[in-house]
Amino acid sequence: GVNAQPQETIDGFHLLIEALKLNGIDTIYGLPGIPITDLTRMLQAEGLRMLSFRHEQNAGYAASIHGFITQTPGICLTVSAPGFLNGLNSLAHATTNCFPMILISGSSEREIVDLQQGDYEEMDQLAIAKPVSKAAYRVLHAEDIGVGIARAIRAAVSGRPGGVYLDLPAKLFAQTMEATAGRATLIKVVDPAPAQIPGADAVKRALDLLKGAKKPLILLGKGAAYAQCDAEIRKLVESTGIPYLPMSMAKGLLPDTHEQCASAARSFVLPEADVVLLIGARLNWLLSHGKGKTWGGNGHKSWGKQKFIQIDISPQEADSNVKIDAPLVGDIASCVAQLQKAVDAGWAKPPKEWTDAVAAKKNGNIAKMAETLAKNPSPMNFHSALNVVRDIIKANPDAMLVNEGANALDFTRSIVDMYKPRKRIDVGTWGIMGVGMGYCVAAAAATKHPVIAIEGDSAFGFSGMEVETICRYNMPVCIVIMNNNGVYKGTDVDPTGRDPAPTVFVKGARYDKIIEAFGGVGVHATTPDELRKAMEEAIKSRKPTLINAVIDETAGTESGRITSLNPNAAKKK
Ligand code: ADP
Ligand code: MG
């Protein structure tokens, strides 16, 4: 009638925003443009943190590591076709690394895309996302936004976490519904990552094997770090007395200085161990596929003496490379709790000969490393520079450490001790370059702690423009560029004399000037003392800082520790 109140309505934009908020999502990483520009504004207006990047790939890497750090899906928001493709790289990265992430991309009109009639940024994004994501969904109707978000969240965080694609066509955002009915369609996901309890027989099989071991070893992977049951894992390690080896992103789950840490004896314990307990680590290339020289095998692993117990949430992980004698399928917290019960009921520590042998090897290597670190060559090399970083992290154990490069990665991983869980974030399962500045933004946003990035000069180049983003949001990020004038080293020459060699950059480049353009602090450091002073100041001031650490251009080896992965011709030199 004439006196009826106008109906209150809600549109697709706001249904999406409310669905995200309802599920505790507070940060969005993305880049505005058609059709999501207004969405980015509204997200901000509604109180979410909308962090806007210069390139979608970096926003996506930020979202992926936000997922690792927080156990909640990191959200990356992009425009259609090209923006979507830029974000897709990081979606694949999230899936590969088992990080929960949701890539939300706007897309063009279905009717036009499906008839290939040439729309603005036309692309069948859903089809393209599928092979690299754990799940992919499209929402066509406003009333399905709640279900779409719920499904995306569950897919991202339950079981083995991964990357999820959510396709939102432009038309969806403007659709309206009656407000009460609209809100009633939203879902607050109950128990998004349910516990998965291992079977009693599987637990017994694992325990029997572990009890019989003469030379047991525990391998902690980034799945163990992700699981956020730090105290329980530490208790299991300590109460069993078994030496452990952390994978790169599991460093600090127990302090690297822990007496049971076997990192400095890695090449001794891997071939020597008779029973290996893998906790959230895959036997992929990073562990030489569980066989070959690294594991002491002079033939197939099946001829060898080593046995494996593998704790993993994915039932398909076991036997991916070698036989797993005792798969323990479940979430790490539940599996560790089951093992702990048996340990509490009575446990014999591993034979002293084994733990003594590990300690002797380790202490010898640590002493050797200490000698190298004490040297102060000119120009500075990776060791003398990283000796400083090592002290800074020791004094600031809450700081996040981002690390990428080849030599800059390998040396940092082995020299810089970590003291707390999930503080070290790096190139991950693919060993990629380009995560650096995106990781810095997410680490600062998700933890509020100071962030230190140790970057190869090559690695930095992949995301360097996000220095502006770091300055714009005034984040407490200290970037240290290990500048040796090139990829691997800076000494290659073009044999024909025409161009710079493909691995070499502008010599003596002043990366510190880049951050000054955006109001940050730039420092040119040629000695460990200058580096130390600049890093201490950056941590204290919390100002965006970029230190150009000049490293001997002859320092560094081809591909760092993975020279052997180059096809033969490249190895000859
Ligand atoms: P790293 O590179 O450190 O060895 P990976 O990424 O190879 O680690 O392995 C991590 C493993 O952890 C994956 O196989 C994944 O399925 C598993 N995982 C992740 N989260 C959990 C969890 N909460 N419980 C059990 N397993 C998990
Ligand atoms: Mg370099």
# chains A, B, ... in the order shown; residues from 1 in each chain; ligands from 1

$ closest_atom_pairs --of "chain A" --to "ligand 1" --cutoff "7 Å" --atoms "only C-alpha atoms and all ligand atoms" --output "CSV"
residue,atom,partner,partner_atom_place_in_ligand_line,distance
A:Asn97,CA,ligand 1,6 (O),5.0
A:Cys98,CA,ligand 1,15 (C),5.9
A:Arg160,CA,ligand 1,16 (O),4.5
A:Pro161,CA,ligand 1,19 (C),6.4
A:Leu220,CA,ligand 1,3 (O),6.9
A:Gly221,CA,ligand 1,3 (O),3.3
A:Lys222,CA,ligand 1,3 (O),3.7
A:Gly223,CA,ligand 1,12 (O),3.3
A:Ala224,CA,ligand 1,12 (O),6.4
A:Tyr226,CA,ligand 1,20 (N),5.8
A:Ala227,CA,ligand 1,23 (N),4.2
A:Met247,CA,ligand 1,3 (O),4.7
A:Ser248,CA,ligand 1,3 (O),6.0
A:Met249,CA,ligand 1,3 (O),5.7
A:Ala250,CA,ligand 1,3 (O),6.1
A:Gly280,CA,ligand 1,12 (O),3.3
A:Ala281,CA,ligand 1,4 (O),3.5
A:Arg282,CA,ligand 1,7 (O),3.8
A:Leu283,CA,ligand 1,7 (O),6.8
A:Asn284,CA,ligand 1,7 (O),6.6
A:Leu286,CA,ligand 1,2 (O),6.8
A:Ile311,CA,ligand 1,25 (C),6.3
A:Asp312,CA,ligand 1,26 (N),3.8
A:Ile313,CA,ligand 1,25 (C),3.9
A:Ser314,CA,ligand 1,16 (O),5.0
A:Glu317,CA,ligand 1,14 (O),6.2
A:Gly330,CA,ligand 1,25 (C),5.8
A:Asp331,CA,ligand 1,24 (N),3.4
A:Ile332,CA,ligand 1,24 (N),3.9
A:Ala333,CA,ligand 1,24 (N),6.8
A:Gly428,CA,ligand 1,2 (O),6.2
A:Thr429,CA,ligand 1,2 (O),5.3

$ select_by_dssp --residues "stretch 206-393 of chain A" --states "alpha helix (DSSP H)" --output "ChimeraX atom specification"
/A:206-211,222-226,230-240,266-272,332-344,352-374,382-393

$ residues_around --residues "A:Pro500" --least-positions-apart "6" --cutoff "12 Å" --atoms "only C-alpha atoms" --output "PyMOL selection string"
chain A and resi 485-486+490-494+506-507

$ write_last_selection --atoms "N, CA and C atoms" --output "JSON list (two decimals), in the first residue's frame"
[["chain", "number", "residue", "atom", "x", "y", "z"],
["A", 485, "ASN", "N", 76.08, -8.59, -7.33],
["A", 485, "ASN", "CA", 76.05, -8.18, -8.74],
["A", 485, "ASN", "C", 75.47, -9.21, -9.69],
["A", 486, "GLY", "N", 74.74, -10.19, -9.18],
["A", 486, "GLY", "CA", 74.16, -11.10, -10.16],
["A", 486, "GLY", "C", 73.52, -12.34, -9.58],
["A", 490, "GLY", "N", 78.60, -12.52, -9.59],
["A", 490, "GLY", "CA", 78.54, -11.41, -10.53],
["A", 490, "GLY", "C", 79.70, -11.35, -11.50],
["A", 491, "THR", "N", 80.34, -12.49, -11.72],
["A", 491, "THR", "CA", 81.60, -12.46, -12.46],
["A", 491, "THR", "C", 81.52, -12.99, -13.89],
["A", 492, "ASP", "N", 80.36, -13.52, -14.30],
["A", 492, "ASP", "CA", 80.26, -14.10, -15.65],
["A", 492, "ASP", "C", 80.47, -13.02, -16.72],
["A", 493, "VAL", "N", 81.01, -13.45, -17.87],
["A", 493, "VAL", "CA", 81.11, -12.52, -19.01],
["A", 493, "VAL", "C", 80.57, -13.17, -20.28],
["A", 494, "ASP", "N", 80.07, -12.34, -21.16],
["A", 494, "ASP", "CA", 79.60, -12.79, -22.48],
["A", 494, "ASP", "C", 80.85, -13.13, -23.30],
["A", 506, "VAL", "N", 73.58, -4.82, -13.33],
["A", 506, "VAL", "CA", 74.36, -3.58, -13.25],
["A", 506, "VAL", "C", 75.28, -3.68, -12.03],
["A", 507, "LYS", "N", 76.57, -3.49, -12.26],
["A", 507, "LYS", "CA", 77.53, -3.64, -11.17],
["A", 507, "LYS", "C", 77.44, -2.46, -10.21]]

$ closest_atom_pairs --of "chain A" --to "ligand 2" --cutoff "12 Å" --atoms "only C-alpha atoms and all ligand atoms" --output "JSON lines"
{"residue": "A:Asn381", "atom": "CA", "partner": "ligand 2", "partner_atom_place_in_ligand_line": "1 (Mg)", "distance": 11.3}
{"residue": "A:Phe382", "atom": "CA", "partner": "ligand 2", "partner_atom_place_in_ligand_line": "1 (Mg)", "distance": 10.2}
{"residue": "A:Glu404", "atom": "CA", "partner": "ligand 2", "partner_atom_place_in_ligand_line": "1 (Mg)", "distance": 10.6}
{"residue": "A:Gly405", "atom": "CA", "partner": "ligand 2", "partner_atom_place_in_ligand_line": "1 (Mg)", "distance": 7.4}
{"residue": "A:Ala406", "atom": "CA", "partner": "ligand 2", "partner_atom_place_in_ligand_line": "1 (Mg)", "distance": 7.7}
{"residue": "A:Asn407", "atom": "CA", "partner": "ligand 2", "partner_atom_place_in_ligand_line": "1 (Mg)", "distance": 7.5}
{"residue": "A:Ala408", "atom": "CA", "partner": "ligand 2", "partner_atom_place_in_ligand_line": "1 (Mg)", "distance": 7.5}
{"residue": "A:Leu409", "atom": "CA", "partner": "ligand 2", "partner_atom_place_in_ligand_line": "1 (Mg)", "distance": 10.5}
{"residue": "A:Met433", "atom": "CA", "partner": "ligand 2", "partner_atom_place_in_ligand_line": "1 (Mg)", "distance": 11.9}
{"residue": "A:Ile454", "atom": "CA", "partner": "ligand 2", "partner_atom_place_in_ligand_line": "1 (Mg)", "distance": 11.5}
{"residue": "A:Glu455", "atom": "CA", "partner": "ligand 2", "partner_atom_place_in_ligand_line": "1 (Mg)", "distance": 8.6}
{"residue": "A:Gly456", "atom": "CA", "partner": "ligand 2", "partner_atom_place_in_ligand_line": "1 (Mg)", "distance": 4.9}
{"residue": "A:Asp457", "atom": "CA", "partner": "ligand 2", "partner_atom_place_in_ligand_line": "1 (Mg)", "distance": 4.7}
{"residue": "A:Ser458", "atom": "CA", "partner": "ligand 2", "partner_atom_place_in_ligand_line": "1 (Mg)", "distance": 5.4}
{"residue": "A:Ala459", "atom": "CA", "partner": "ligand 2", "partner_atom_place_in_ligand_line": "1 (Mg)", "distance": 7.8}
{"residue": "A:Phe460", "atom": "CA", "partner": "ligand 2", "partner_atom_place_in_ligand_line": "1 (Mg)", "distance": 9.4}
{"residue": "A:Gly461", "atom": "CA", "partner": "ligand 2", "partner_atom_place_in_ligand_line": "1 (Mg)", "distance": 10.4}
{"residue": "A:Ile481", "atom": "CA", "partner": "ligand 2", "partner_atom_place_in_ligand_line": "1 (Mg)", "distance": 8.6}
{"residue": "A:Met482", "atom": "CA", "partner": "ligand 2", "partner_atom_place_in_ligand_line": "1 (Mg)", "distance": 6.5}
{"residue": "A:Asn483", "atom": "CA", "partner": "ligand 2", "partner_atom_place_in_ligand_line": "1 (Mg)", "distance": 5.6}
{"residue": "A:Asn484", "atom": "CA", "partner": "ligand 2", "partner_atom_place_in_ligand_line": "1 (Mg)", "distance": 4.7}
{"residue": "A:Asn485", "atom": "CA", "partner": "ligand 2", "partner_atom_place_in_ligand_line": "1 (Mg)", "distance": 5.7}
{"residue": "A:Gly486", "atom": "CA", "partner": "ligand 2", "partner_atom_place_in_ligand_line": "1 (Mg)", "distance": 4.3}
{"residue": "A:Val487", "atom": "CA", "partner": "ligand 2", "partner_atom_place_in_ligand_line": "1 (Mg)", "distance": 4.4}
{"residue": "A:Tyr488", "atom": "CA", "partner": "ligand 2", "partner_atom_place_in_ligand_line": "1 (Mg)", "distance": 5.1}
{"residue": "A:Lys489", "atom": "CA", "partner": "ligand 2", "partner_atom_place_in_ligand_line": "1 (Mg)", "distance": 5.5}
{"residue": "A:Gly490", "atom": "CA", "partner": "ligand 2", "partner_atom_place_in_ligand_line": "1 (Mg)", "distance": 6.9}
{"residue": "A:Thr491", "atom": "CA", "partner": "ligand 2", "partner_atom_place_in_ligand_line": "1 (Mg)", "distance": 10.4}
{"residue": "A:Asp492", "atom": "CA", "partner": "ligand 2", "partner_atom_place_in_ligand_line": "1 (Mg)", "distance": 11.9}
{"residue": "A:Thr503", "atom": "CA", "partner": "ligand 2", "partner_atom_place_in_ligand_line": "1 (Mg)", "distance": 8.8}
{"residue": "A:Val504", "atom": "CA", "partner": "ligand 2", "partner_atom_place_in_ligand_line": "1 (Mg)", "distance": 8.5}
{"residue": "A:Phe505", "atom": "CA", "partner": "ligand 2", "partner_atom_place_in_ligand_line": "1 (Mg)", "distance": 8.8}
{"residue": "A:Val506", "atom": "CA", "partner": "ligand 2", "partner_atom_place_in_ligand_line": "1 (Mg)", "distance": 11.4}
{"residue": "A:Lys507", "atom": "CA", "partner": "ligand 2", "partner_atom_place_in_ligand_line": "1 (Mg)", "distance": 11.0}
{"residue": "A:Gly508", "atom": "CA", "partner": "ligand 2", "partner_atom_place_in_ligand_line": "1 (Mg)", "distance": 11.7}
{"residue": "A:Ala509", "atom": "CA", "partner": "ligand 2", "partner_atom_place_in_ligand_line": "1 (Mg)", "distance": 11.5}
{"residue": "A:Asn548", "atom": "CA", "partner": "ligand 2", "partner_atom_place_in_ligand_line": "1 (Mg)", "distance": 11.7}
{"residue": "A:Ala549", "atom": "CA", "partner": "ligand 2", "partner_atom_place_in_ligand_line": "1 (Mg)", "distance": 10.9}
{"residue": "A:Val550", "atom": "CA", "partner": "ligand 2", "partner_atom_place_in_ligand_line": "1 (Mg)", "distance": 10.1}
{"residue": "A:Ile551", "atom": "CA", "partner": "ligand 2", "partner_atom_place_in_ligand_line": "1 (Mg)", "distance": 8.5}
{"residue": "A:Asp552", "atom": "CA", "partner": "ligand 2", "partner_atom_place_in_ligand_line": "1 (Mg)", "distance": 9.8}
{"residue": "A:Glu553", "atom": "CA", "partner": "ligand 2", "partner_atom_place_in_ligand_line": "1 (Mg)", "distance": 7.9}
{"residue": "A:Thr554", "atom": "CA", "partner": "ligand 2", "partner_atom_place_in_ligand_line": "1 (Mg)", "distance": 10.0}
{"residue": "A:Ala555", "atom": "CA", "partner": "ligand 2", "partner_atom_place_in_ligand_line": "1 (Mg)", "distance": 8.9}
{"residue": "A:Gly556", "atom": "CA", "partner": "ligand 2", "partner_atom_place_in_ligand_line": "1 (Mg)", "distance": 7.7}
{"residue": "A:Thr557", "atom": "CA", "partner": "ligand 2", "partner_atom_place_in_ligand_line": "1 (Mg)", "distance": 9.9}
{"residue": "A:Glu558", "atom": "CA", "partner": "ligand 2", "partner_atom_place_in_ligand_line": "1 (Mg)", "distance": 10.4}
{"residue": "A:Ser559", "atom": "CA", "partner": "ligand 2", "partner_atom_place_in_ligand_line": "1 (Mg)", "distance": 10.4}
{"residue": "A:Gly560", "atom": "CA", "partner": "ligand 2", "partner_atom_place_in_ligand_line": "1 (Mg)", "distance": 10.4}

$ write_last_selection --atoms "N, CA and C atoms" --output "compact mmCIF listing (two decimals), in the first residue's frame"
# COMPACT_ATOMS: atom_id res chain seq x y z
N ASN A 381 81.61 -11.18 2.67
CA ASN A 381 81.03 -12.32 1.95
C ASN A 381 79.72 -12.75 2.64
N PHE A 382 79.11 -13.80 2.13
CA PHE A 382 77.84 -14.25 2.72
C PHE A 382 78.00 -14.56 4.21
N GLU A 404 64.88 -15.53 0.57
CA GLU A 404 64.86 -16.09 -0.78
C GLU A 404 66.15 -15.74 -1.51
N GLY A 405 66.45 -16.53 -2.50
CA GLY A 405 67.67 -16.37 -3.27
C GLY A 405 68.22 -17.76 -3.54
N ALA A 406 69.45 -17.83 -3.99
CA ALA A 406 70.10 -19.14 -4.14
C ALA A 406 71.09 -19.28 -2.99
N ASN A 407 72.24 -18.63 -3.12
CA ASN A 407 73.21 -18.65 -2.02
C ASN A 407 72.67 -17.91 -0.80
N ALA A 408 71.97 -16.81 -1.04
CA ALA A 408 71.41 -16.04 0.09
C ALA A 408 70.44 -16.91 0.88
N LEU A 409 69.81 -17.85 0.21
CA LEU A 409 68.88 -18.76 0.88
C LEU A 409 69.64 -19.86 1.62
N MET A 433 61.71 -18.01 -6.62
CA MET A 433 62.07 -16.62 -6.36
C MET A 433 60.80 -15.79 -6.57
N ILE A 454 65.97 -11.44 4.12
CA ILE A 454 67.31 -11.64 3.57
C ILE A 454 67.14 -12.10 2.13
N GLU A 455 67.53 -11.21 1.22
CA GLU A 455 67.23 -11.38 -0.19
C GLU A 455 68.48 -11.44 -1.05
N GLY A 456 68.53 -12.38 -1.96
CA GLY A 456 69.53 -12.29 -3.02
C GLY A 456 69.19 -11.10 -3.89
N ASP A 457 70.18 -10.50 -4.55
CA ASP A 457 69.88 -9.34 -5.39
C ASP A 457 68.99 -9.75 -6.57
N SER A 458 69.15 -10.97 -7.02
CA SER A 458 68.29 -11.46 -8.09
C SER A 458 66.87 -11.69 -7.57
N ALA A 459 66.74 -12.39 -6.48
CA ALA A 459 65.42 -12.71 -5.92
C ALA A 459 64.61 -11.44 -5.67
N PHE A 460 65.26 -10.42 -5.13
CA PHE A 460 64.56 -9.17 -4.80
C PHE A 460 63.88 -8.58 -6.03
N GLY A 461 64.54 -8.72 -7.19
CA GLY A 461 64.02 -8.10 -8.41
C GLY A 461 62.62 -8.54 -8.78
N ILE A 481 69.61 -6.71 1.14
CA ILE A 481 69.92 -7.30 -0.16
C ILE A 481 71.38 -7.71 -0.19
N MET A 482 71.58 -9.02 -0.34
CA MET A 482 72.94 -9.55 -0.46
C MET A 482 73.35 -9.32 -1.91
N ASN A 483 74.02 -8.20 -2.13
CA ASN A 483 74.27 -7.75 -3.50
C ASN A 483 75.64 -8.20 -4.00
N ASN A 484 75.63 -9.30 -4.75
CA ASN A 484 76.90 -9.75 -5.37
C ASN A 484 76.86 -9.57 -6.89
N ASN A 485 76.08 -8.59 -7.33
CA ASN A 485 76.05 -8.18 -8.74
C ASN A 485 75.47 -9.21 -9.69
N GLY A 486 74.74 -10.19 -9.18
CA GLY A 486 74.16 -11.10 -10.16
C GLY A 486 73.52 -12.34 -9.58
N VAL A 487 73.10 -13.20 -10.49
CA VAL A 487 72.51 -14.48 -10.15
C VAL A 487 73.68 -15.44 -9.87
N TYR A 488 73.66 -16.03 -8.71
CA TYR A 488 74.74 -16.94 -8.23
C TYR A 488 76.01 -16.16 -7.91
N LYS A 489 76.57 -15.45 -8.87
CA LYS A 489 77.68 -14.54 -8.61
C LYS A 489 77.71 -13.49 -9.71
N GLY A 490 78.60 -12.52 -9.59
CA GLY A 490 78.54 -11.41 -10.53
C GLY A 490 79.70 -11.35 -11.50
N THR A 491 80.34 -12.49 -11.72
CA THR A 491 81.60 -12.46 -12.46
C THR A 491 81.52 -12.99 -13.89
N ASP A 492 80.36 -13.52 -14.30
CA ASP A 492 80.26 -14.10 -15.65
C ASP A 492 80.47 -13.02 -16.72
N THR A 503 73.57 -13.83 -16.40
CA THR A 503 73.46 -13.93 -14.93
C THR A 503 73.94 -12.68 -14.22
N VAL A 504 74.34 -11.65 -14.96
CA VAL A 504 74.97 -10.49 -14.32
C VAL A 504 74.06 -9.26 -14.41
N PHE A 505 74.05 -8.45 -13.31
CA PHE A 505 73.26 -7.21 -13.29
C PHE A 505 74.19 -6.00 -13.35
N VAL A 506 73.58 -4.82 -13.33
CA VAL A 506 74.36 -3.58 -13.25
C VAL A 506 75.28 -3.68 -12.03
N LYS A 507 76.57 -3.49 -12.26
CA LYS A 507 77.53 -3.64 -11.17
C LYS A 507 77.44 -2.46 -10.21
N GLY A 508 77.57 -2.77 -8.95
CA GLY A 508 77.54 -1.72 -7.94
C GLY A 508 76.18 -1.03 -7.83
N ALA A 509 75.11 -1.76 -8.18
CA ALA A 509 73.77 -1.17 -8.12
C ALA A 509 73.45 -0.71 -6.69
N ASN A 548 71.48 -2.16 1.32
CA ASN A 548 72.22 -2.73 0.19
C ASN A 548 73.54 -3.27 0.76
N ALA A 549 73.58 -4.57 1.03
CA ALA A 549 74.79 -5.16 1.63
C ALA A 549 75.70 -5.64 0.51
N VAL A 550 76.81 -4.99 0.36
CA VAL A 550 77.71 -5.29 -0.76
C VAL A 550 78.53 -6.54 -0.45
N ILE A 551 78.29 -7.57 -1.27
CA ILE A 551 78.94 -8.87 -1.07
C ILE A 551 79.97 -9.08 -2.20
N ASP A 552 81.08 -9.68 -1.87
CA ASP A 552 82.10 -10.06 -2.85
C ASP A 552 81.44 -10.72 -4.06
N GLU A 553 81.68 -10.16 -5.26
CA GLU A 553 80.97 -10.71 -6.42
C GLU A 553 81.50 -12.08 -6.84
N THR A 554 82.62 -12.48 -6.26
CA THR A 554 83.12 -13.83 -6.57
C THR A 554 82.55 -14.86 -5.58
N ALA A 555 81.86 -14.38 -4.54
CA ALA A 555 81.27 -15.32 -3.57
C ALA A 555 80.01 -15.92 -4.19
N GLY A 556 79.71 -17.16 -3.82
CA GLY A 556 78.51 -17.79 -4.35
C GLY A 556 78.85 -18.93 -5.28
N THR A 557 77.97 -19.90 -5.33
CA THR A 557 78.17 -21.04 -6.23
C THR A 557 76.96 -21.17 -7.13
N GLU A 558 77.16 -21.79 -8.27
CA GLU A 558 76.09 -22.00 -9.24
C GLU A 558 74.92 -22.71 -8.57
N SER A 559 73.74 -22.10 -8.57
CA SER A 559 72.52 -22.69 -8.02
C SER A 559 72.63 -23.04 -6.53
N GLY A 560 73.59 -22.45 -5.82
CA GLY A 560 73.70 -22.74 -4.39
C GLY A 560 73.88 -24.22 -4.15

$ residues_around --residues "stretch 147-151 of chain A" --least-positions-apart "6" --cutoff "10 Å" --atoms "only C-alpha atoms" --output "PDB file with C-alpha atoms, in the first residue's frame"
ATOM      1  CA  LEU A  16      30.353 -11.063   0.173  1.00  0.00           C
ATOM      2  CA  ALA A  19      30.213 -13.565   4.598  1.00  0.00           C
ATOM      3  CA  LEU A  20      33.942 -12.926   4.973  1.00  0.00           C
ATOM      4  CA  ASN A  23      34.016 -16.170   9.168  1.00  0.00           C
ATOM      5  CA  ILE A 102      41.439 -18.317  -1.555  1.00  0.00           C
ATOM      6  CA  ILE A 104      38.829 -14.410  -5.496  1.00  0.00           C
ATOM      7  CA  ALA A 135      39.023 -26.736  -5.431  1.00  0.00           C
ATOM      8  CA  ALA A 136      37.431 -24.126  -7.694  1.00  0.00           C
ATOM      9  CA  TYR A 137      33.926 -22.659  -7.547  1.00  0.00           C
ATOM     10  CA  ARG A 138      31.841 -20.037  -9.302  1.00  0.00           C
ATOM     11  CA  VAL A 139      28.942 -18.130  -7.772  1.00  0.00           C
ATOM     12  CA  LEU A 140      26.266 -16.846 -10.163  1.00  0.00           C
ATOM     13  CA  HIS A 141      23.534 -15.754  -7.765  1.00  0.00           C
ATOM     14  CA  VAL A 164      41.004 -22.473  -3.692  1.00  0.00           C
ATOM     15  CA  LEU A 166      36.412 -18.496  -6.282  1.00  0.00           C
ATOM     16  CA  ASP A 167      35.044 -16.977  -9.485  1.00  0.00           C
ATOM     17  CA  LEU A 168      32.744 -13.997  -9.070  1.00  0.00           C
ATOM     18  CA  THR A 185      21.838 -17.214   3.398  1.00  0.00           C
ATOM     19  CA  LEU A 186      25.233 -16.542   4.976  1.00  0.00           C
ATOM     20  CA  ILE A 187      27.036 -19.395   6.714  1.00  0.00           C
ATOM     21  CA  LYS A 188      29.415 -19.237   9.635  1.00  0.00           C
ATOM     22  CA  VAL A 189      31.489 -22.350   9.051  1.00  0.00           C
ATOM     23  CA  VAL A 190      31.455 -24.707  12.032  1.00  0.00           C
ATOM     24  CA  PRO A 192      36.350 -25.780   9.347  1.00  0.00           C
TER      25      PRO A 192
END

$ closest_residue --among "A:Gly497, A:Glu46, A:Gly522, A:Arg532" --to "A:Ala395" --atoms "only C-alpha atoms"
A:Arg532

$ closest_atom_pairs --of "stretch 37-86 of chain A" --to "stretch 112-127 of chain A" --cutoff "12 Å" --atoms "only C-alpha atoms" --output "Markdown table"
| residue | atom | partner | partner_atom | distance |
| --- | --- | --- | --- | --- |
| A:Thr78 | CA | A:Gln125 | CA | 11.7 |
| A:Val79 | CA | A:Glu121 | CA | 9.0 |
| A:Ser80 | CA | A:Glu121 | CA | 6.1 |
| A:Ala81 | CA | A:Glu121 | CA | 5.2 |
| A:Pro82 | CA | A:Glu121 | CA | 7.3 |
| A:Gly83 | CA | A:Glu121 | CA | 9.4 |
| A:Phe84 | CA | A:Gln125 | CA | 7.5 |
| A:Leu85 | CA | A:Gln125 | CA | 8.4 |
| A:Asn86 | CA | A:Gln125 | CA | 11.9 |

$ select_by_dssp --residues "stretch 32-74 of chain A" --states "strand (DSSP E or B)" --output "count of residues only"
5

$ residues_around --residues "A:Leu210" --least-positions-apart "2" --cutoff "9 Å" --atoms "only C-alpha atoms" --output "PyMOL selection string"
chain A and resi 205-208+212-214+216+275-277+309

$ write_last_selection --atoms "N, CA, C and O atoms" --output "mmCIF file, in the first residue's frame"
data_model
loop_
_atom_site.group_PDB
_atom_site.id
_atom_site.type_symbol
_atom_site.label_atom_id
_atom_site.label_comp_id
_atom_site.auth_asym_id
_atom_site.auth_seq_id
_atom_site.Cartn_x
_atom_site.Cartn_y
_atom_site.Cartn_z
ATOM 1 N N ARG A 205 51.337 -49.708 15.173
ATOM 2 C CA ARG A 205 52.353 -50.061 14.175
ATOM 3 C C ARG A 205 53.522 -49.056 14.223
ATOM 4 O O ARG A 205 54.695 -49.446 14.201
ATOM 5 N N ALA A 206 53.174 -47.798 14.325
ATOM 6 C CA ALA A 206 54.209 -46.754 14.373
ATOM 7 C C ALA A 206 55.050 -46.884 15.643
ATOM 8 O O ALA A 206 56.282 -46.817 15.607
ATOM 9 N N LEU A 207 54.377 -47.097 16.755
ATOM 10 C CA LEU A 207 55.092 -47.198 18.033
ATOM 11 C C LEU A 207 56.017 -48.409 18.070
ATOM 12 O O LEU A 207 57.155 -48.323 18.548
ATOM 13 N N ASP A 208 55.530 -49.546 17.574
ATOM 14 C CA ASP A 208 56.360 -50.753 17.568
ATOM 15 C C ASP A 208 57.653 -50.512 16.804
ATOM 16 O O ASP A 208 58.738 -50.909 17.233
ATOM 17 N N GLY A 212 61.621 -50.171 18.462
ATOM 18 C CA GLY A 212 62.684 -51.096 18.081
ATOM 19 C C GLY A 212 63.904 -50.421 17.478
ATOM 20 O O GLY A 212 64.906 -51.075 17.182
ATOM 21 N N ALA A 213 63.812 -49.104 17.283
ATOM 22 C CA ALA A 213 64.900 -48.414 16.564
ATOM 23 C C ALA A 213 66.167 -48.311 17.402
ATOM 24 O O ALA A 213 66.122 -48.088 18.606
ATOM 25 N N LYS A 214 67.307 -48.474 16.710
ATOM 26 C CA LYS A 214 68.610 -48.256 17.372
ATOM 27 C C LYS A 214 69.109 -46.843 17.068
ATOM 28 O O LYS A 214 69.868 -46.262 17.821
ATOM 29 N N PRO A 216 67.068 -43.881 15.811
ATOM 30 C CA PRO A 216 65.867 -43.169 15.341
ATOM 31 C C PRO A 216 66.149 -41.704 15.032
ATOM 32 O O PRO A 216 67.084 -41.110 15.581
ATOM 33 N N VAL A 275 65.296 -45.789 11.719
ATOM 34 C CA VAL A 275 63.860 -45.524 11.661
ATOM 35 C C VAL A 275 63.658 -44.010 11.649
ATOM 36 O O VAL A 275 64.154 -43.304 12.530
ATOM 37 N N VAL A 276 62.961 -43.525 10.630
ATOM 38 C CA VAL A 276 62.745 -42.086 10.500
ATOM 39 C C VAL A 276 61.265 -41.789 10.684
ATOM 40 O O VAL A 276 60.420 -42.363 9.995
ATOM 41 N N LEU A 277 60.981 -40.906 11.642
ATOM 42 C CA LEU A 277 59.603 -40.471 11.873
ATOM 43 C C LEU A 277 59.412 -39.116 11.200
ATOM 44 O O LEU A 277 59.989 -38.112 11.633
ATOM 45 N N ILE A 309 58.227 -43.981 9.303
ATOM 46 C CA ILE A 309 56.894 -43.722 9.857
ATOM 47 C C ILE A 309 56.523 -42.336 9.347
ATOM 48 O O ILE A 309 57.349 -41.429 9.423
#

$ residues_around --residues "A:Gly74" --least-positions-apart "6" --cutoff "10 Å" --atoms "only C-alpha atoms" --output "list in words"
Ile25, Asp26, Thr27, Ile28, Tyr29, Ala59, Gly60, Tyr61, Ala62, Ala63, Ser64, Ile65, His66, Gly67, Phe68, Ala94, Phe99, Pro100, Met101, Ile102, Leu103, Ile153, Ala156, Gly163 and Ala442 of chain A

$ residues_around --residues "A:Ser384" --least-positions-apart "2" --cutoff "12 Å" --atoms "only C-alpha atoms" --output "ChimeraX atom specification"
/A:369-382,386-391,411-412,415-416,482,526-532,549-552,555
